[in-house]
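Below: the structure, in structure tokens.
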Amino acid sequence: MTETAEVSHPLSPQDCLVALMIAVSASDEELRTAELVKIQNAVNHLPVFANYDIDRMNIMGKTVMDLFGEEDGLDALFGLIRDNLPEKLFETAYALACDVAAADGTLQETELRLLEEIRYELNIDRLHAAAIERGARARHISL
């Protein structure tokens with residue numbers, strides 16, 4: 001077997017965005033319908049996903065769930081994201097994560113902790129993070 005056949009394919013930037021959104025949804029150990037719909041809508045409508053193979057979403061879901069089952073799985077996920085997501089998409093990743101967290105109208109403590117960890121791992125400026133968070137709140141407020 002050749003060496004290239006043994007190396008797994010790296011994640012695309014879109015894979016990283018999807019994995020992060022799934023991680024936020026799964027962080028409270030319950031994948032809520034509103035959150036999954038938000039992920040699906042993002043993938044179907046945002047320009048960053050224009051050429052994304054929708055079938056990869058299932059692979060990313062399995063990858064995230066497998067990593068969450070490991071002791072250092074979250075660290076491994078962040079390593080994959082940092083290795084494969086261009087820095088220019090870090091704020092996009094955080095914005096998508098915030099939208100998924102806010103999609104069901106409630107923010108669980110585990111979601112808040114994961115958002116904090118995402119801010120840290122992706123080195124999101126605190127002022128920029130506050131603006132992104134405020135935008136997510138404004139988009140998901142209900143009467």
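Here's how to read the names in the structure tokens: chain A, B, ... by the order shown, residue numbers from 1 in each chain, ligand numbers from 1 in the order shown.
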
**OP:** Please provide the set of residues having any atom within 9 Å of Glu91 (chain A), restricted to only C-alpha atoms, with same-chain residues fewer than 5 positions apart removed, written as JSON, numbers by chain.
**Re:** {"A": [96, 119, 122, 124, 128, 129, 132]}

Hey, could you make a per-residue contact list for region 67-94 of chain A against region 10-30 of chain A with 6 Å as the cut-off, showing the nearest pair of atoms and its distance in Å to one decimal, counting only C-alpha atoms, sorted by chain and number, as a tab-separated table?
```
residue	atom	partner	partner_atom	distance
A:Ile81	CA	A:Cys16	CA	5.4
A:Asn84	CA	A:Pro13	CA	5.9
A:Leu85	CA	A:Pro13	CA	4.7
A:Ala93	CA	A:Leu17	CA	5.6
```

Subject >> Nearest-residue call for Glu117 (chain A), choices A:Leu89, A:Gly105, A:Asp75, A:Arg137, using only C-alpha atoms >> reply: A:Asp75

Original post:
CA of Ile39 (chain A) to CA of Asn58 (chain A): how many Å, to one decimal?
Top reply: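 These two atoms are separated by 12.0 Å.
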